[in-house]
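K.L.:
Data: entry-v7.cif, mmCIF, C-alpha atoms and all ligand atoms.
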data_upload
loop_
_atom_site.label_atom_id
_atom_site.label_comp_id
_atom_site.auth_asym_id
_atom_site.auth_seq_id
_atom_site.Cartn_x
_atom_site.Cartn_y
_atom_site.Cartn_z
CA MET A 1 -6.14 -1.53 -24.57
CA ALA A 2 -5.94 -0.47 -21.00
CA SER A 3 -8.03 -2.60 -18.64
CA LEU A 4 -6.56 -0.88 -15.62
CA CYS A 5 -5.32 2.54 -14.59
CA LEU A 6 -2.57 3.61 -12.21
CA ILE A 7 -3.12 6.45 -9.73
CA ALA A 8 -0.36 7.94 -7.56
CA ALA A 9 -0.12 10.77 -5.04
CA VAL A 10 3.12 12.52 -5.95
CA ASN A 11 5.26 14.94 -3.95
CA ASN A 12 8.68 14.04 -5.37
CA ASP A 13 9.22 13.83 -9.13
CA VAL A 14 12.68 12.31 -8.86
CA VAL A 15 11.32 9.42 -6.78
CA LEU A 16 8.41 9.05 -9.21
CA GLU A 17 10.69 8.98 -12.29
CA GLN A 18 13.09 6.46 -10.73
CA ASN A 19 10.36 4.09 -9.58
CA LEU A 20 6.69 4.03 -10.60
CA ALA A 21 7.21 5.98 -13.85
CA SER A 22 10.13 3.74 -14.87
CA SER A 23 7.89 0.64 -14.75
CA ALA A 24 7.53 -0.98 -18.20
CA LEU A 25 3.75 -0.57 -18.03
CA VAL A 26 4.10 3.22 -17.70
CA ARG A 27 6.96 3.58 -20.19
CA LYS A 28 4.90 1.74 -22.85
CA ASN A 29 1.73 3.67 -22.07
CA PRO A 30 2.35 6.93 -20.15
CA ASP A 31 -1.37 7.78 -20.20
CA ILE A 32 -2.07 4.84 -17.91
CA LEU A 33 -0.65 6.86 -14.98
CA THR A 34 -2.65 9.64 -13.33
CA THR A 35 -0.64 11.71 -10.84
CA MET A 36 -2.29 13.62 -8.01
CA ARG A 37 -0.45 16.54 -6.41
CA ASN A 38 -0.98 18.93 -3.49
CA TYR A 39 -3.81 17.09 -1.75
CA SER A 40 -4.09 17.29 2.02
CA SER A 41 -4.77 13.58 2.42
CA ALA A 42 -4.22 10.34 0.55
CA SER A 43 -7.98 9.71 0.57
CA ALA A 44 -8.72 13.05 -1.12
CA ALA A 45 -5.99 12.46 -3.73
CA TYR A 46 -7.14 8.92 -4.46
CA ASN A 47 -10.86 9.77 -4.76
CA ALA A 48 -10.00 12.62 -7.14
CA GLY A 49 -7.90 10.12 -9.11
CA LEU A 50 -10.83 7.72 -9.20
CA ASP A 51 -13.02 10.50 -10.61
CA ARG A 52 -10.48 11.29 -13.34
CA THR A 53 -10.28 7.69 -14.58
CA SER A 54 -12.77 5.12 -15.80
CA THR A 55 -11.29 1.60 -15.96
CA ASP A 56 -12.93 -1.02 -13.76
CA ILE A 57 -9.59 -1.88 -12.13
CA ALA A 58 -7.92 1.07 -10.38
CA VAL A 59 -4.42 0.55 -9.02
CA PHE A 60 -3.26 3.06 -6.37
CA ALA A 61 0.50 2.85 -5.94
CA HIS A 62 3.10 4.80 -4.01
CA GLN A 63 5.43 6.90 -6.16
CA ASP A 64 8.30 4.77 -4.78
CA VAL A 65 6.87 1.47 -6.07
CA TYR A 66 8.35 -0.14 -9.19
CA LEU A 67 6.16 -2.57 -11.12
CA PRO A 68 8.27 -5.31 -12.74
CA GLN A 69 7.74 -6.18 -16.40
CA GLY A 70 4.60 -8.29 -16.79
CA TRP A 71 3.22 -7.24 -13.39
CA GLU A 72 -0.20 -6.33 -14.83
CA ASP A 73 -0.52 -9.83 -16.35
CA ALA A 74 0.17 -11.40 -12.95
CA LEU A 75 -2.46 -9.12 -11.38
CA LEU A 76 -5.09 -9.87 -14.04
CA ARG A 77 -4.43 -13.64 -13.75
CA ASN A 78 -4.97 -13.41 -9.99
CA ILE A 79 -8.15 -11.37 -10.45
CA ALA A 80 -9.48 -14.07 -12.79
CA VAL A 81 -8.80 -16.70 -10.10
CA ILE A 82 -10.54 -14.59 -7.42
CA GLU A 83 -13.55 -13.95 -9.66
CA GLU A 84 -14.16 -17.69 -10.12
CA THR A 85 -15.51 -17.70 -6.56
CA ASP A 86 -15.92 -14.00 -5.68
CA PRO A 87 -16.90 -11.71 -8.58
CA GLY A 88 -17.95 -9.07 -6.05
CA TRP A 89 -14.49 -8.58 -4.53
CA GLY A 90 -13.55 -5.07 -3.38
CA VAL A 91 -9.85 -4.62 -2.61
CA ILE A 92 -6.62 -6.44 -3.51
CA GLY A 93 -3.11 -5.81 -2.20
CA VAL A 94 0.33 -7.27 -2.85
CA TYR A 95 1.18 -7.38 0.87
CA GLY A 96 -1.17 -7.48 3.83
CA VAL A 97 -2.61 -9.15 6.91
CA ARG A 98 -4.52 -12.43 6.70
CA ASP A 99 -7.72 -13.12 8.65
CA ASP A 100 -5.69 -15.10 11.21
CA GLY A 101 -3.34 -12.14 11.83
CA GLY A 102 -0.32 -13.45 9.92
CA HIS A 103 1.15 -11.58 6.97
CA ALA A 104 0.77 -12.53 3.29
CA GLY A 105 2.45 -11.39 0.09
CA ARG A 106 5.77 -10.82 -1.58
CA VAL A 107 7.55 -7.49 -1.91
CA TRP A 108 11.05 -6.08 -1.85
CA SER A 109 11.35 -3.38 0.80
CA SER A 110 14.32 -1.05 0.42
CA GLY A 111 13.45 0.51 3.79
CA LEU A 112 13.88 -2.87 5.49
CA ASN A 113 16.60 -3.80 2.99
CA ARG A 114 15.10 -7.26 2.45
CA GLU A 115 12.46 -9.21 0.62
CA LEU A 116 9.25 -10.06 2.46
CA ASP A 117 7.84 -13.32 1.08
CA THR A 118 5.29 -15.47 2.87
CA GLY A 119 5.34 -18.03 0.06
CA SER A 120 1.64 -18.02 -0.85
CA LYS A 121 1.14 -18.51 -4.60
CA GLU A 122 -2.67 -18.34 -4.65
CA PRO A 123 -4.81 -15.33 -3.64
CA VAL A 124 -5.24 -15.19 0.15
CA LYS A 125 -8.22 -13.69 2.00
CA ALA A 126 -7.03 -10.66 3.95
CA SER A 127 -8.31 -8.22 6.57
CA SER A 128 -5.97 -5.36 5.65
CA VAL A 129 -3.56 -4.49 2.81
CA ASP A 130 -0.42 -2.38 2.89
CA GLU A 131 -0.77 1.11 1.40
CA LEU A 132 2.21 0.60 -0.91
CA LEU A 133 -0.24 -0.73 -3.52
CA ILE A 134 -4.04 -0.95 -3.41
CA VAL A 135 -6.18 -2.41 -6.20
CA LEU A 136 -9.84 -1.34 -6.22
CA ARG A 137 -12.70 -2.79 -8.28
CA ARG A 138 -14.58 0.34 -9.33
CA GLY A 139 -17.82 -1.62 -9.66
CA SER A 140 -17.78 -2.23 -5.90
CA GLY A 141 -18.65 1.45 -5.40
CA LEU A 142 -15.98 1.74 -2.70
CA ARG A 143 -14.31 5.10 -2.12
CA PHE A 144 -11.61 6.33 0.24
CA ASP A 145 -12.78 8.02 3.44
CA GLU A 146 -11.90 11.71 3.16
CA ASP A 147 -12.48 12.21 6.89
CA LEU A 148 -9.40 10.06 7.50
CA PRO A 149 -6.62 12.67 7.88
CA GLY A 150 -3.16 12.53 6.35
CA PHE A 151 -1.29 9.81 4.52
CA HIS A 152 -1.57 6.76 6.75
CA MET A 153 -3.94 3.83 7.30
CA TYR A 154 -6.14 4.51 4.25
CA GLY A 155 -5.44 0.96 3.04
CA THR A 156 -6.57 -0.58 6.30
CA ASP A 157 -9.60 1.72 6.31
CA ILE A 158 -10.83 0.87 2.81
CA CYS A 159 -10.39 -2.84 3.59
CA GLN A 160 -12.69 -2.49 6.63
CA GLU A 161 -15.20 -0.58 4.43
CA SER A 162 -14.99 -3.34 1.84
CA LEU A 163 -15.50 -6.14 4.36
CA GLU A 164 -18.39 -4.32 6.08
CA ARG A 165 -20.17 -4.07 2.72
CA GLY A 166 -19.58 -7.73 1.90
CA HIS A 167 -16.80 -7.25 -0.70
CA GLY A 168 -13.89 -9.66 -0.36
CA VAL A 169 -10.35 -8.43 0.35
CA TYR A 170 -7.33 -10.37 -0.94
CA VAL A 171 -3.56 -10.39 -1.13
CA VAL A 172 -2.14 -11.77 -4.37
CA ASN A 173 1.25 -12.99 -5.50
CA ALA A 174 2.31 -10.15 -7.83
CA PRO A 175 5.59 -8.92 -6.34
CA VAL A 176 6.76 -5.31 -6.66
CA VAL A 177 9.78 -3.33 -5.53
CA HIS A 178 8.95 -0.88 -2.74
CA ASN A 179 11.89 1.48 -2.96
CA SER A 180 10.73 3.10 0.27
CA VAL A 181 11.85 6.63 0.82
CA PRO A 182 10.79 8.41 4.00
CA VAL A 183 8.59 10.92 2.19
CA PHE A 184 5.69 11.02 4.63
CA SER A 185 6.76 11.20 8.25
CA LEU A 186 5.56 8.65 10.79
CA ALA A 187 5.11 11.46 13.33
CA GLY A 188 1.95 13.52 14.05
CA GLY A 189 -0.07 12.40 11.05
CA TYR A 190 0.20 8.78 12.06
CA THR A 191 -1.28 9.17 15.51
CA ASP A 192 -4.14 11.31 14.11
CA ALA A 193 -4.99 8.52 11.67
CA TYR A 194 -4.69 5.93 14.46
CA CYS A 195 -7.14 7.83 16.71
CA TYR A 196 -9.60 8.34 13.85
CA MET A 197 -9.48 4.64 12.95
CA ARG A 198 -9.91 3.55 16.55
CA ARG A 199 -13.06 5.69 16.86
CA LYS A 200 -14.48 4.73 13.47
CA TRP A 201 -13.92 0.98 13.73
CA ARG A 202 -14.70 0.59 17.47
CA HIS A 203 -16.99 -2.37 16.67
CA ARG A 204 -14.27 -4.18 14.68
CA LEU A 205 -11.30 -3.75 17.04
CA PRO A 206 -8.67 -5.00 17.26
CA VAL A 207 -7.82 -4.15 13.63
CA LYS A 208 -4.39 -5.25 12.41
CA THR A 209 -2.35 -3.29 9.88
CA THR A 210 0.99 -4.44 8.49
CA VAL A 211 2.65 -1.99 10.90
CA THR A 212 0.59 -2.09 14.11
CA THR A 213 -2.64 -3.25 15.75
CA ILE A 214 -5.42 -0.75 16.45
CA THR A 215 -6.80 -1.62 19.88
CA PRO A 216 -9.44 -0.05 22.15
CA LEU A 217 -7.05 0.64 25.05
CA SER A 218 -5.47 4.06 25.53
CA LEU A 219 -2.44 2.42 27.09
CA SER A 220 -1.66 0.72 23.79
CA PHE A 221 -1.94 4.11 22.11
CA LEU A 222 0.66 5.56 24.45
CA TYR A 223 2.78 2.51 23.79
CA LEU A 224 2.42 3.10 20.04
CA LYS A 225 3.48 6.74 20.40
CA TRP A 226 6.51 5.59 22.34
CA ARG A 227 7.26 2.89 19.76
CA ILE A 228 6.94 5.36 16.86
CA ALA A 229 9.27 7.81 18.56
CA GLY A 230 11.84 5.04 19.00
CA PHE A 231 11.18 3.65 15.53
CA SER A 232 11.67 7.00 13.77
CA GLY A 233 14.92 7.62 15.59
CA ARG A 234 16.20 4.13 14.83
CA ARG A 235 15.08 4.43 11.19
CA ALA A 236 16.85 7.75 10.78
CA ARG A 237 20.07 6.35 12.29
CA LEU A 238 19.80 3.19 10.17
CA ARG A 239 19.16 5.18 7.02
CA ARG A 240 22.18 7.40 7.67
CA SER A 241 24.44 4.41 8.17
CA GLN A 242 22.91 2.62 5.17
CA THR A 243 23.36 5.51 2.79
CA GLU A 244 26.92 5.89 4.01
CA LEU A 245 27.73 2.20 3.65
CA MET A 246 26.06 1.10 0.45
CA PRO A 247 25.13 2.50 -2.90
CA ARG A 248 21.39 2.52 -3.56
CA GLU A 249 20.37 -0.03 -6.19
CA SER A 250 18.01 1.11 -8.90
CA ALA A 251 14.49 -0.36 -8.80
CA PRO A 252 14.81 -2.18 -12.16
CA ASP A 253 18.10 -3.73 -10.99
CA ILE A 254 16.47 -4.98 -7.77
CA ALA A 255 13.53 -6.43 -9.74
CA GLN A 256 15.94 -8.27 -12.04
CA LEU A 257 18.07 -9.56 -9.17
CA LEU A 258 15.00 -10.99 -7.42
CA GLY A 259 13.64 -12.59 -10.59
CA TYR A 260 10.53 -10.38 -10.58
CA GLU A 261 10.97 -9.75 -14.32
MN MN B 301 6.21 4.06 -0.20
#
As structure tokens - that is how I would like this structure written.
P.N.:
Amino acid sequence: MASLCLIAAVNNDVVLEQNLASSALVRKNPDILTTMRNYSSASAAYNAGLDRTSTDIAVFAHQDVYLPQGWEDALLRNIAVIEETDPGWGVIGVYGVRDDGGHAGRVWSSGLNRELDTGSKEPVKASSVDELLIVLRRGSGLRFDEDLPGFHMYGTDICQESLERGHGVYVVNAPVVHNSVPVFSLAGGYTDAYCYMRRKWRHRLPVKTTVTTITPLSLSFLYLKWRIAGFSGRRARLRRSQTELMPRESAPDIAQLLGYE
């Protein structure tokens, strides 16, 4: 029955149960979800997940992502459209960066407290996808780079790997709820990943992610560090005021409100 599998790196069971595990797809078929715990990096967790599963389509999702009812049908329809022209595709996301640098996709972000929707209905060629959800075609032979430390930028990295090997990267219209919880900090780990990526993809710079642009200049790296410091502080203040001011909606309620299911 299952033509796809779901793989998630988990460090918070409450977040998992309230989001990814409460998706209809998982409730109907709990075996579809493989959870990876206690890995030192997202890449290590995801490769181990790949080795534990066998479906051609592997979906790597954050524990704080809720898949609306019928989401898998929307994904499979989009894959069929992509395969009409590109049967050798490598990576698909639900939100990402287009070749021209603009964003593409549709997702509810609880962290930003708004819906991101660029309005594209058809699959869009992309240069990077957001880590919230990454679809991999196993037949492409792609794997996550275990030399990339921590829990950041692995989506951008595997997209560069895919493009370098001639496998297309796309963003599709299959909206999800990203009930973002600050589980992994944007501090230390982020700059390590940034430096690794800048070294590894020297010949492809600048590389755009949905959060920042990886550039060759050290000045921009200092700027990023400064931005992240400010960003984390602002986020923490915002989150405090948000949690004080409004009750947190449940993921299924948000999906219903937005017409995702
Ligand atoms: Mn997340």
K.L.:
Give me the residues near Gly70 of chain A as JSON, numbers by chain, where near means some atom within 9 Å (using only C-alpha atoms) and where sequence neighbours in that chain fewer than 5 positions away do not count.
P.N.:
{"A": [24, 25, 75, 260, 261]}
K.L.:
Please dump the current selection as a PDB file, in the frame of the given file; keep C-alpha atoms.
P.N.:
ATOM      1  CA  ALA A  24       7.530  -0.980 -18.200  1.00  0.00           C
ATOM      2  CA  LEU A  25       3.750  -0.570 -18.030  1.00  0.00           C
ATOM      3  CA  LEU A  75      -2.460  -9.120 -11.380  1.00  0.00           C
ATOM      4  CA  TYR A 260      10.530 -10.380 -10.580  1.00  0.00           C
ATOM      5  CA  GLU A 261      10.970  -9.750 -14.320  1.00  0.00           C
TER       6      GLU A 261
END
K.L.:
Report as JSON lines the residues of chain A within 7 Å of ligand MN 301 (chain B), each with its shortest atom pair and distance in Å (one decimal), using only C-alpha atoms and all ligand atoms, ordered by chain and increasing residue number.
P.N.:
{"residue": "A:His62", "atom": "CA", "partner": "B:MN301", "partner_atom": "MN", "distance": 5.0}
{"residue": "A:Gln63", "atom": "CA", "partner": "B:MN301", "partner_atom": "MN", "distance": 6.6}
{"residue": "A:Asp64", "atom": "CA", "partner": "B:MN301", "partner_atom": "MN", "distance": 5.1}
{"residue": "A:Val65", "atom": "CA", "partner": "B:MN301", "partner_atom": "MN", "distance": 6.4}
{"residue": "A:Leu132", "atom": "CA", "partner": "B:MN301", "partner_atom": "MN", "distance": 5.3}
{"residue": "A:His178", "atom": "CA", "partner": "B:MN301", "partner_atom": "MN", "distance": 6.2}
{"residue": "A:Asn179", "atom": "CA", "partner": "B:MN301", "partner_atom": "MN", "distance": 6.8}
{"residue": "A:Ser180", "atom": "CA", "partner": "B:MN301", "partner_atom": "MN", "distance": 4.6}
{"residue": "A:Val181", "atom": "CA", "partner": "B:MN301", "partner_atom": "MN", "distance": 6.3}
K.L.:
Please provide the set of residues having any atom within 7 Å of Leu205 of chain A, restricted to all atoms listed in the file, with same-chain residues fewer than 4 positions apart removed, written as a list in words.
P.N.:
Trp201, Ile214, Thr215 and Pro216 of chain A
K.L.:
Can you work out which one of A:Glu122, A:Asp192, A:Asp253, A:Asp147 has the shortest atom-to-atom distance to Gln18 of chain A, counting all atoms listed in the file?
P.N.:
A:Asp253
K.L.:
Select all residues near (4.0, 12.5, -4.3) (cut-off 8 Å, inclusive, file coordinates), counting only C-alpha atoms, and output them as a list in words.
P.N.:
Ala8, Ala9, Val10, Asn11, Asn12, Asp13, Leu16, Met36, Arg37, His62 and Gln63 of chain A
K.L.:
Taking (6.6, -17.9, 0.0) as a centre in this file's frame and 6 Å as the limit, can you find every polymer residue with an atom that close, using only C-alpha atoms, and give them as a VMD selection string?
P.N.:
chain A and resid 117 to 120
K.L.:
So which one's closest to Ile82 of chain A, A:Ile254, A:Ala193, A:Ile7, A:Val124? Using all atoms listed in the file, please.
P.N.:
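For Ile82 of chain A, the nearest of the given residues is A:Val124.
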K.L.:
Please provide the set of residues having any atom within 7 Å of segment 155-159 of chain A, restricted to all atoms listed in the file, with same-chain residues fewer than 6 positions apart removed, written as a CSV table (one decimal) with C-alpha atoms, in the frame of the given file.
P.N.:
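Saved to selection15.csv:
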chain,number,residue,atom,x,y,z
A,91,VAL,CA,-9.8,-4.6,-2.6
A,127,SER,CA,-8.3,-8.2,6.6
A,128,SER,CA,-6.0,-5.4,5.6
A,129,VAL,CA,-3.6,-4.5,2.8
A,130,ASP,CA,-0.4,-2.4,2.9
A,131,GLU,CA,-0.8,1.1,1.4
A,134,ILE,CA,-4.0,-1.0,-3.4
A,144,PHE,CA,-11.6,6.3,0.2
A,169,VAL,CA,-10.4,-8.4,0.4
A,209,THR,CA,-2.4,-3.3,9.9
K.L.:
So, counting all atoms listed in the file, which residue among A:Gly90, A:Gly49, A:Gly111, A:Pro68 is closest to Leu20 of chain A?
P.N.:
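Using all atoms listed in the file, the shortest distance to Leu20 of chain A belongs to A:Pro68.
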K.L.:
Work out how far apart atom CA of Ser3 of chain A and atom CA of Asn38 of chain A are and give it in Å to one decimal.
P.N.:
27.3 Å
K.L.:
Quick one: everything within 7 Å of His152 of chain A, counting all atoms listed in the file, minus sequence neighbours fewer than 2 positions away in the same chain. Send it as a list of chain:residue names.
P.N.:
A:Gly150, A:Tyr154, A:Tyr190, A:Ala193
K.L.:
Write a file of the selected residues as a CSV table (one decimal), in the coordinates of the input, keeping C-alpha atoms.
P.N.:
chain,number,residue,atom,x,y,z
A,150,GLY,CA,-3.2,12.5,6.4
A,154,TYR,CA,-6.1,4.5,4.2
A,190,TYR,CA,0.2,8.8,12.1
A,193,ALA,CA,-5.0,8.5,11.7
K.L.:
Give the answer as one residue: which of A:Cys5, A:Glu249, A:Gly168, A:Leu133 has the shortest atom-to-atom distance to Thr85 of chain A, using only C-alpha atoms?
P.N.:
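Closest to Thr85 of chain A, using only C-alpha atoms: A:Gly168.
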K.L.:
Please report the interatomic distance between atom CA of Gly101 of chain A and atom CA of Leu258 of chain A in Å with one decimal.
P.N.:
26.6 Å
K.L.:
At what distance in Å, to one decimal, does atom CA of Pro252 of chain A lie from atom CA of Thr55 of chain A?
P.N.:
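It comes out at 26.6 Å.
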